[in-house]
$ cat entry_8.txt   # compact mmCIF, C-alpha atoms
# COMPACT_ATOMS: atom_id res chain seq x y z
CA MET P 130 6.28 -41.45 13.32
CA GLY P 131 9.38 -43.29 14.59
CA LYS P 132 11.18 -41.57 17.44
CA VAL P 133 9.17 -38.37 17.12
CA LYS P 134 6.13 -38.44 19.41
CA ILE P 135 4.82 -34.89 18.92
CA PHE P 136 5.51 -32.40 16.13
CA ALA P 137 3.28 -29.34 16.44
CA ILE P 138 2.98 -25.57 16.02
CA THR P 139 1.34 -23.55 18.81
CA TYR P 140 0.63 -19.81 18.77
CA ASP P 141 1.02 -17.74 21.91
CA ASP P 142 -2.03 -16.13 23.56
CA PHE P 143 -4.38 -19.03 22.84
CA VAL P 144 -7.61 -18.63 24.85
CA ASP P 145 -9.94 -21.64 25.20
CA ASN P 146 -8.34 -23.24 22.12
CA ILE P 147 -9.23 -20.16 20.05
CA ALA P 148 -6.32 -18.73 18.08
CA PRO P 149 -5.71 -14.98 18.43
CA MET P 150 -6.39 -12.61 15.54
CA PHE P 151 -3.81 -10.27 14.03
CA SER P 152 -3.62 -7.31 11.69
CA SER P 153 -0.99 -5.39 9.73
CA GLY P 154 2.09 -4.57 11.78
CA ASP P 155 1.27 -7.01 14.60
CA PHE P 156 3.77 -9.48 16.00
CA VAL P 157 2.89 -13.16 15.69
CA SER P 158 4.67 -15.49 18.08
CA GLY P 159 4.55 -19.12 18.98
CA ARG P 160 6.67 -22.24 19.15
CA VAL P 161 7.43 -25.41 17.26
CA THR P 162 7.34 -28.43 19.59
CA VAL P 163 9.35 -31.55 18.86
CA GLU P 164 8.91 -34.32 21.42
CA VAL P 165 11.11 -37.39 20.98
CA ILE P 166 11.26 -40.56 23.06
CA GLU P 167 15.02 -40.95 22.74
CA GLU P 168 18.05 -39.07 21.50
CA THR P 169 17.36 -38.22 17.87
CA LYS P 170 19.46 -36.94 14.98
CA LEU P 171 18.02 -34.36 12.63
CA GLN P 172 19.16 -32.68 9.45
CA SER P 173 17.18 -29.48 9.93
CA LEU P 174 14.01 -27.81 11.20
CA THR P 175 12.68 -25.12 8.86
CA LEU P 176 9.91 -22.54 9.16
CA HIS P 177 7.79 -21.14 6.33
CA VAL P 178 5.41 -18.17 6.81
CA ARG P 179 3.05 -17.10 4.07
CA GLY P 180 0.04 -14.91 3.32
CA GLU P 181 -1.84 -15.51 0.07
CA ALA P 182 -5.10 -15.26 -1.83
CA LYS P 183 -6.21 -18.03 -4.18
CA VAL P 184 -9.22 -18.56 -6.45
CA HIS P 185 -10.14 -21.54 -8.60
CA TRP P 186 -13.18 -22.78 -10.45
CA THR P 187 -14.05 -24.86 -13.49
CA GLU P 188 -16.64 -24.14 -16.15
CA SER P 189 -18.08 -26.68 -18.55
CA ASN P 190 -17.71 -25.92 -22.27
CA GLY P 191 -19.72 -28.85 -23.55
CA THR P 192 -20.18 -32.57 -23.16
CA ASN P 193 -16.59 -33.54 -22.40
CA SER P 194 -14.84 -30.17 -22.25
CA SER P 195 -14.16 -27.75 -19.41
CA THR P 196 -11.95 -24.77 -18.63
CA SER P 197 -10.28 -24.08 -15.30
CA TYR P 198 -9.66 -20.58 -13.97
CA SER P 199 -7.07 -19.94 -11.27
CA LYS P 200 -5.29 -16.95 -9.79
CA GLU P 201 -2.96 -16.41 -6.85
CA VAL P 202 -1.74 -13.28 -5.06
CA LYS P 203 1.16 -13.43 -2.60
CA TYR P 204 1.28 -10.87 0.23
CA PHE P 205 4.41 -12.10 1.98
CA ASP P 206 6.56 -15.23 1.96
CA TYR P 207 9.24 -15.86 4.60
CA LYS P 208 11.48 -18.89 5.06
CA ASN P 209 13.90 -19.51 7.88
CA LEU P 210 16.15 -22.20 9.28
CA LEU P 211 15.37 -22.92 12.93
CA LEU P 212 17.78 -25.80 13.43
CA GLY P 213 20.56 -27.57 11.53
CA GLN P 214 21.68 -26.93 7.95
CA VAL P 215 19.72 -26.83 4.73
CA ARG P 216 22.02 -29.31 3.02
CA GLY P 217 23.18 -31.14 6.13
CA LYS P 218 23.29 -34.70 4.81
CA THR P 219 26.61 -36.01 6.15
CA GLU P 220 26.93 -37.43 9.65
CA ASN P 221 28.94 -34.40 10.77
CA ASP P 222 26.14 -32.08 9.64
CA LEU P 223 23.44 -33.75 11.74
CA ILE P 224 21.99 -32.18 14.88
CA THR P 225 21.24 -34.29 17.95
CA ILE P 226 18.33 -33.36 20.20
CA PRO P 227 17.82 -35.00 23.59
CA PRO P 228 14.75 -37.03 24.61
CA GLY P 229 11.73 -35.13 25.90
CA ILE P 230 10.04 -31.91 24.80
CA ASN P 231 12.11 -29.52 22.70
CA GLU P 232 10.46 -26.17 21.94
CA TYR P 233 11.72 -23.67 19.39
CA PRO P 234 10.08 -20.23 19.64
CA PHE P 235 9.47 -17.97 16.69
CA ARG P 236 8.30 -14.38 16.40
CA PHE P 237 7.71 -12.26 13.32
CA MET P 238 5.96 -9.06 12.31
CA LEU P 239 3.24 -8.94 9.71
CA PRO P 240 4.07 -6.41 6.97
CA ASN P 241 2.78 -2.94 7.67
CA ILE P 242 0.63 -2.80 4.57
CA LEU P 243 -3.09 -3.26 4.05
CA LEU P 244 -3.55 -7.02 4.39
CA PRO P 245 -6.92 -8.43 3.37
CA ALA P 246 -8.75 -10.23 6.16
CA THR P 247 -8.84 -14.01 6.35
CA VAL P 248 -11.79 -15.28 4.36
CA LYS P 249 -13.01 -18.62 3.02
CA GLY P 250 -15.27 -18.30 0.00
CA GLU P 251 -17.09 -20.63 -2.32
CA TYR P 252 -14.32 -20.62 -4.95
CA GLY P 253 -11.37 -19.08 -3.17
CA ASN P 254 -9.84 -17.92 0.07
CA VAL P 255 -7.34 -15.60 1.71
CA SER P 256 -5.21 -17.46 4.21
CA TYR P 257 -2.20 -16.89 6.47
CA TRP P 258 -0.19 -19.77 7.85
CA VAL P 259 3.00 -21.07 9.40
CA LYS P 260 4.46 -24.37 8.23
CA ALA P 261 7.31 -26.31 9.88
CA LYS P 262 9.30 -29.12 8.28
CA LEU P 263 11.42 -31.64 10.18
CA HIS P 264 14.10 -33.21 7.99
CA ARG P 265 15.51 -36.52 9.26
CA PRO P 266 18.21 -38.75 7.71
CA ARG P 267 16.83 -41.65 5.67
CA LYS P 268 13.24 -40.86 6.68
CA LEU P 269 10.32 -38.97 5.19
CA THR P 270 10.16 -35.25 5.97
CA MET P 271 7.59 -34.47 8.64
CA LYS P 272 5.34 -31.44 8.05
CA VAL P 273 2.92 -29.49 10.20
CA LYS P 274 0.91 -26.42 9.20
CA GLU P 275 -1.23 -24.06 11.27
CA GLU P 276 -3.23 -21.10 10.01
CA PHE P 277 -3.72 -17.84 11.87
CA ALA P 278 -6.45 -15.26 11.34
CA VAL P 279 -5.94 -11.70 10.08
CA PHE P 280 -8.49 -8.88 10.22
CA GLU P 281 -8.41 -5.44 8.63
CA ARG P 282 -7.80 -2.92 11.38
CA PHE P 283 -7.66 0.04 9.07
CA ILE P 284 -10.68 0.78 6.93
CA ASN P 285 -10.50 3.03 3.87
CA TYR P 286 -13.30 5.12 5.28
CA ASN P 287 -15.74 6.84 2.93
CA PRO P 288 -18.00 9.63 4.34
CA LEU P 289 -20.79 8.37 2.07
CA TRP P 290 -21.09 5.35 4.36
CA MET P 291 -22.74 7.55 6.98
CA LEU P 292 -25.43 8.87 4.64
CA PRO P 293 -29.04 7.52 4.67
CA GLN P 294 -30.05 5.15 1.89
CA GLU P 295 -33.52 5.30 0.36
CA ALA P 296 -35.35 3.77 -2.60
CA THR P 297 -38.89 3.43 -3.95
CA ASN P 298 -40.59 1.15 -6.45
CA ASP P 299 -44.09 0.29 -7.65
CA LYS P 300 -45.84 -1.91 -10.20
CA THR P 301 -49.33 -2.65 -11.48
CA LEU P 302 -50.45 -6.24 -11.28
CA CYS P 303 -52.51 -7.76 -14.04
CA CYS P 304 -54.83 -10.72 -14.08
CA TRP P 305 -55.20 -11.97 -17.65
CA CYS P 306 -56.23 -8.85 -19.57
CA CYS P 307 -57.44 -6.85 -16.58
CA SER P 308 -55.52 -4.65 -14.17
CA SER P 309 -55.48 -5.98 -10.61
CA GLY P 310 -54.27 -2.73 -9.04
CA GLN P 311 -50.98 -1.19 -7.96
CA ILE P 312 -48.57 -2.12 -5.20
CA SER P 313 -45.76 0.13 -4.02
CA LEU P 314 -42.98 0.21 -1.46
CA ARG P 315 -40.60 2.77 -0.07
CA ALA P 316 -37.65 1.77 2.12
CA LYS P 317 -35.01 3.71 4.01
CA ILE P 318 -32.10 2.98 6.38
CA GLU P 319 -30.18 5.51 8.45
CA GLN P 320 -26.76 4.81 6.91
CA MET P 321 -24.81 2.53 4.59
CA GLY P 322 -22.02 1.47 6.98
CA TYR P 323 -22.55 -0.96 9.85
CA MET P 324 -20.50 -3.29 12.03
CA GLN P 325 -20.86 -7.04 12.40
CA GLY P 326 -23.49 -7.83 15.03
CA GLU P 327 -25.16 -4.42 14.78
CA VAL P 328 -28.84 -4.09 13.96
CA ILE P 329 -30.26 -2.28 10.96
CA GLN P 330 -33.40 -0.28 11.60
CA ILE P 331 -35.58 -0.44 8.50
CA PHE P 332 -38.16 2.25 7.81
CA ALA P 333 -40.57 1.20 5.09
CA GLU P 334 -44.05 1.85 3.71
CA PHE P 335 -45.97 -0.82 1.81
CA GLU P 336 -49.20 -0.16 -0.07
CA ASN P 337 -51.30 -2.90 -1.66
CA ILE P 338 -54.13 -1.65 -3.88
CA SER P 339 -54.18 -4.91 -5.83
CA SER P 340 -56.52 -7.84 -5.43
CA ARG P 341 -53.77 -10.14 -4.13
CA THR P 342 -52.28 -10.72 -0.68
CA VAL P 343 -48.58 -9.84 -0.58
CA ILE P 344 -45.94 -10.35 2.10
CA PRO P 345 -43.26 -7.76 3.07
CA ASN P 346 -39.72 -9.11 3.46
CA ALA P 347 -36.19 -7.87 4.00
CA VAL P 348 -33.01 -9.86 3.43
CA ILE P 349 -29.27 -9.19 3.50
CA ASN P 350 -27.67 -10.62 0.35
CA GLN P 351 -23.98 -11.49 0.37
CA ILE P 352 -22.36 -11.33 -3.08
CA GLN P 353 -19.00 -13.06 -3.49
CA THR P 354 -17.02 -12.32 -6.67
CA PHE P 355 -13.95 -14.35 -7.70
CA ILE P 356 -11.70 -13.03 -10.47
CA ALA P 357 -9.15 -14.93 -12.59
CA ASN P 358 -7.88 -14.66 -16.15
CA ARG P 359 -10.24 -11.76 -16.95
CA LYS P 360 -13.20 -13.91 -15.92
CA SER P 361 -15.37 -13.67 -12.82
CA LYS P 362 -17.49 -16.09 -10.84
CA ILE P 363 -20.32 -14.64 -8.73
CA VAL P 364 -22.05 -16.37 -5.84
CA SER P 365 -25.00 -14.79 -4.04
CA LYS P 366 -26.62 -16.03 -0.86
CA ILE P 367 -28.95 -14.74 1.86
CA VAL P 368 -27.30 -14.32 5.27
CA ALA P 369 -30.16 -12.68 7.22
CA ARG P 370 -33.92 -12.54 6.72
CA LEU P 371 -36.91 -10.65 8.13
CA GLN P 372 -40.55 -11.28 7.23
CA GLY P 373 -43.54 -9.11 8.00
CA ASP P 374 -47.25 -9.92 8.28
CA PRO P 375 -49.29 -10.61 5.12
CA LEU P 376 -50.67 -7.47 3.52
CA LEU P 377 -54.27 -7.97 2.44
CA PRO P 378 -55.78 -6.32 -0.67
CA GLY P 379 -56.41 -2.62 -0.08
CA ALA P 380 -54.19 -2.54 3.03
CA THR P 381 -51.05 -0.59 3.93
CA GLU P 382 -48.27 -1.33 6.38
CA ARG P 383 -45.47 0.73 7.85
CA TRP P 384 -42.19 -0.40 9.42
CA ASN P 385 -40.98 2.20 11.90
CA GLY P 386 -37.48 0.95 12.54
CA LYS P 387 -38.05 -2.79 12.20
CA VAL P 388 -34.86 -4.51 13.30
CA LEU P 389 -32.70 -6.86 11.23
CA GLN P 390 -29.47 -8.03 12.86
CA ILE P 391 -26.26 -8.25 10.85
CA PRO P 392 -24.74 -11.74 11.25
CA THR P 393 -21.09 -12.51 11.95
CA SER P 394 -20.43 -13.13 8.27
CA PRO P 395 -17.17 -11.90 6.72
CA PRO P 396 -17.02 -8.09 6.47
CA SER P 397 -17.31 -6.27 3.17
CA TYR P 398 -14.22 -7.33 1.31
CA LEU P 399 -12.86 -4.75 -1.05
CA SER P 400 -9.07 -4.76 -0.54
CA CYS P 401 -8.27 -8.02 -2.36
CA SER P 402 -7.76 -7.87 -6.12
CA ILE P 403 -9.19 -11.33 -6.85
CA ILE P 404 -11.91 -11.76 -4.19
CA THR P 405 -14.61 -9.28 -3.21
CA ILE P 406 -17.52 -9.62 -0.80
CA GLU P 407 -20.34 -7.10 -1.00
CA TYR P 408 -23.69 -6.78 0.76
CA ILE P 409 -27.10 -5.50 -0.28
CA LEU P 410 -30.20 -4.99 1.84
CA MET P 411 -33.13 -6.03 -0.31
CA VAL P 412 -36.61 -4.99 0.82
CA TYR P 413 -39.34 -6.60 -1.23
CA LEU P 414 -42.95 -7.67 -1.46
CA PHE P 415 -43.54 -11.34 -2.19
CA ILE P 416 -46.30 -11.59 -4.80
CA PRO P 417 -47.84 -15.00 -5.50
CA SER P 418 -47.61 -15.99 -9.19
CA ALA P 419 -45.74 -12.79 -10.10
CA ILE P 420 -42.30 -11.22 -9.98
CA ASP P 421 -41.58 -9.72 -6.56
CA LEU P 422 -41.47 -5.96 -6.15
CA LYS P 423 -38.13 -4.99 -4.62
CA VAL P 424 -35.62 -2.23 -3.86
CA ASN P 425 -31.90 -2.67 -3.15
CA LEU P 426 -30.00 -0.61 -0.58
CA PRO P 427 -26.18 -0.96 -0.52
CA LEU P 428 -24.45 -1.96 2.72
CA VAL P 429 -20.85 -1.83 3.88
CA ILE P 430 -20.21 -4.20 6.80
CA SER P 431 -17.06 -3.75 8.87
CA SER P 432 -15.41 -5.82 11.59
CA VAL P 433 -14.08 -2.71 13.36
CA PRO P 434 -15.34 0.86 13.90
CA SER P 435 -14.33 2.70 10.73
CA GLN P 436 -15.33 6.14 12.09
CA CYS P 437 -12.75 5.80 14.87
CA ASP P 438 -9.91 4.61 12.68
CA ILE P 439 -10.29 7.34 10.07
CA ASN P 440 -9.15 9.90 12.64
CA ARG P 441 -5.81 8.15 13.09
CA ASN P 442 -3.03 9.01 10.69
CA TRP P 443 -0.59 6.28 11.59
CA LEU P 444 -1.58 3.60 9.09
CA PHE P 445 1.93 3.33 7.65
CA LEU P 446 3.82 5.13 10.45
CA THR P 447 3.20 2.80 13.37
CA LEU P 448 5.66 3.48 16.17
CA THR P 449 7.06 0.12 17.26
CA GLN P 450 8.43 -0.68 20.70
CA THR P 451 11.48 -2.95 20.62
CA PRO P 452 12.21 -5.57 23.30
CA GLU P 453 15.00 -3.30 24.57
CA GLY P 454 12.49 -0.49 25.15
CA LYS P 455 13.80 1.68 22.31
CA ASN P 456 11.45 3.25 19.81
CA CYS P 457 12.01 2.69 16.14
CA PHE P 458 9.97 3.20 13.02
CA TRP P 459 9.11 0.29 10.77
CA PRO P 460 10.77 -1.09 8.76
CA CYS P 461 13.78 -2.22 10.76
CA HIS P 462 15.90 -5.34 10.35
CA LEU P 463 15.53 -7.99 13.04
CA SER P 464 16.58 -11.60 13.47
CA LEU P 465 14.73 -14.74 14.48
CA SER P 466 15.01 -16.38 17.91
CA ARG P 467 16.16 -19.96 17.64
CA ALA P 468 16.95 -21.13 21.16
CA PRO P 469 14.37 -23.39 22.82
CA ARG P 470 12.44 -21.97 25.76
CA THR P 471 13.72 -22.03 29.33
CA GLY P 472 12.58 -25.07 31.26
CA HIS P 473 12.94 -27.47 28.34
CA ASN P 474 15.89 -28.92 26.49
CA MET P 475 17.93 -25.99 25.24
CA PRO P 476 20.66 -26.99 22.78
CA ASN P 477 22.58 -24.04 21.38
CA HIS P 478 23.75 -24.69 17.87
CA GLY P 479 24.93 -21.18 17.19
CA GLN P 480 22.46 -20.46 14.42
CA THR P 481 22.58 -16.80 13.41
CA ASN P 482 21.08 -16.82 9.95
CA ASP P 483 18.66 -13.97 9.39
CA LEU P 484 15.21 -14.59 8.07
CA GLN P 485 15.00 -14.33 4.31
CA CYS P 486 12.80 -11.53 3.11
CA CYS P 487 10.87 -10.89 -0.04
CA GLU P 488 9.39 -7.91 -1.82
CA SER P 489 5.60 -7.85 -1.63
CA LEU P 490 3.28 -5.31 -3.25
CA GLY P 491 6.21 -3.05 -4.02
CA SER P 492 7.45 -2.86 -0.42
CA THR P 493 10.37 -4.70 1.16
CA ILE P 494 8.94 -6.74 4.01
CA PHE P 495 11.16 -7.53 6.97
CA LEU P 496 10.34 -10.28 9.40
CA ALA P 497 10.54 -8.61 12.78
CA ILE P 498 11.94 -10.55 15.71
CA SER P 499 14.39 -9.56 18.43
CA ASN P 500 16.26 -6.27 18.18
CA CYS P 501 15.91 -3.17 16.06
CA ARG P 502 19.14 -1.98 14.54
CA ARG P 503 17.83 1.23 13.11
CA ASN P 504 16.56 3.55 15.85
CA GLN P 505 14.98 6.94 15.59
CA GLY P 506 15.87 9.35 18.36
$ encode --input "entry_8.txt" --output "C-alpha cells"
Amino acid sequence: MGKVKIFAITYDDFVDNIAPMFSSGDFVSGRVTVEVIEETKLQSLTLHVRGEAKVHWTESNGTNSSTSYSKEVKYFDYKNLLLGQVRGKTENDLITIPPGINEYPFRFMLPNILLPATVKGEYGNVSYWVKAKLHRPRKLTMKVKEEFAVFERFINYNPLWMLPQEATNDKTLCCWCCSSGQISLRAKIEQMGYMQGEVIQIFAEFENISSRTVIPNAVINQIQTFIANRKSKIVSKIVARLQGDPLLPGATERWNGKVLQIPTSPPSYLSCSIITIEYILMVYLFIPSAIDLKVNLPLVISSVPSQCDINRNWLFLTLTQTPEGKNCFWPCHLSLSRAPRTGHNMPNHGQTNDLQCCESLGSTIFLAISNCRRNQG
C-alpha cells in the first residue's frame, strides 16, 4: 500500500462492532480515515453514496445454451469531492497531507421516501453503501467500501392484517381399491400481521378416521420472488417448524394456542419492484405414502409495530432539526463537511463544492449535511 498504512470508512454510533441501522430521512455520519507514515501527496479523495436493488439469475435453455436475467433499481446516488481536485494531475494540483491519522467526516440524509429495507436474497439484494476512493499520482487508486443497513420505519398498514385467518381441508385416503377413511384439519390464527420474534398461537383441530397414522405439523414458508425482463424466479424455504405428536387411526387432536416463534428473518418485503418476500403459515398432516393434507394461512411479518406507525401522519412531512437549532421542512439544501476532526491533522484546503444530487423515483434528493438554507417560521 506504499505510504498509506490505513484507508478505512467508519460509521458513527458503532456499538460492539455492530453498525447502526437507518431509515428514510435519517442522517448517516461517519469518517474516512487515511493514515500515512510520511508526508504524502494526493490528487483527490472522493466519496460515493448509493442505494440500489439488483437481481440476477441464469436459466439453461438446452445443452450449451443459457439466458441471463438482470435488473437494477437505483434509489439514490450521490458523489462528492472530499479532498483535492477531480482532474488534479499537475504538481500544483496535488494535495499534501501530513504523517499520522487524517480523518475526514461526512454526514448525509437518506431521502425522505419509502426505502426498501436491506435484504440479501438467493438471486438478488437491496444494499446501501458508502465508497471512498483515494487517487494518488502514478499509483493505483485505492478503494474502500462499507455497507450500512436500512429498515422500513413506515409500514403501509392494512386493517386486514389484524383480522383472524382460518382455513379447513379434508380428504379420503384410499388403499388400492378400498377407502381407508377420511382425515380433516381446521386451523386458525388470531391475525395476519406479526412482528419479528413474536409468537404465533395456532388453534387447530385434527381428525384421523383413516387406517393410517398421521403427524400434525406447522411451518412458516418464506417465498422470495425476483423479477427481471418480465420473468420471475421464485425460491421457497422453511424458516420455522413445529411438529405435534403422531395421530393414531381413529384419534383426534386439538391445538389450543400451540406456539410457533417467528424467526429474525427479513420482514415481508413488498415495497421493492424487483424483489418481494412473502410468508405463509402452512398447517398440515403428514401422511405416509400419500400427499399431505394442508391449509395455508397468509402472514405479514414486520420489523416494527405497524399499528403504532399508522397513526402518525408525518411520513413525508418530517420536521428536521438543523445543527443551528432552527426548524426546517425537508427538502432543504445543505453542504458536506470536509475538514478533518479536531485532535487530528486538520488541513484546510478551502473545498466548498456542494454534493451532487440526483433525481430518484420522481423526487429531487438532497444530501443533507450542515446548515439549512430554507427555513420555515
$ atom_distance --input "entry_8.txt" --atom1 "CA of Ser153 (chain P)" --atom2 "CA of Arg179 (chain P)"
13.6 Å
$ closest_residue --input "entry_8.txt" --among "P:Thr354, P:Thr196, P:Ser339, P:Asn385" --to "Cys401 (chain P)" --atoms "only C-alpha atoms"
P:Thr354
$ atom_distance --input "entry_8.txt" --atom1 "CA of Val412 (chain P)" --atom2 "CA of Val343 (chain P)"
13.0 Å
$ axis_aligned_box --input "entry_8.txt" --around "region 178-189 of chain P" --padding-each-side "8 Å" --output "lines of an AutoDock Vina configuration file"
center_x = -6.3
center_y = -20.8
center_z = -5.9
size_x = 39.5
size_y = 27.8
size_z = 41.4
$ atom_distance --input "entry_8.txt" --atom1 "CA of Trp186 (chain P)" --atom2 "CA of Met411 (chain P)"
28.0 Å
$ residues_around --input "entry_8.txt" --residues "region 292-298 of chain P" --least-positions-apart "2" --cutoff "9 Å" --atoms "only C-alpha atoms" --output "NGL selection string"
:P and (288-290 or 300 or 312-322 or 422-427)
$ closest_residue --input "entry_8.txt" --among "P:Leu302, P:Ile242, P:Ile135, P:Ile356" --to "Met271 (chain P)" --atoms "all atoms listed in the file"
P:Ile135
$ closest_residue --input "entry_8.txt" --among "P:Gln172, P:Asn346, P:Ser309, P:Asn287" --to "Lys268 (chain P)" --atoms "only C-alpha atoms"
P:Gln172
$ closest_residue --input "entry_8.txt" --among "P:His264, P:Thr187, P:Asn254, P:Lys208" --to "Leu174 (chain P)" --atoms "all atoms listed in the file"
P:His264
$ residues_around --input "entry_8.txt" --residues "region 138-141 of chain P" --least-positions-apart "4" --cutoff "10 Å" --atoms "all atoms listed in the file" --output "NGL selection string"
:P and (147-149 or 157-163 or 232-236 or 259-261 or 273-277)
$ closest_residue --input "entry_8.txt" --among "P:Pro375, P:Tyr252, P:Ile416, P:Pro392" --to "Thr301 (chain P)" --atoms "all atoms listed in the file"
P:Ile416
$ closest_residue --input "entry_8.txt" --among "P:Leu376, P:Glu281, P:Ile409, P:Gly310" --to "Leu243 (chain P)" --atoms "all atoms listed in the file"
P:Glu281
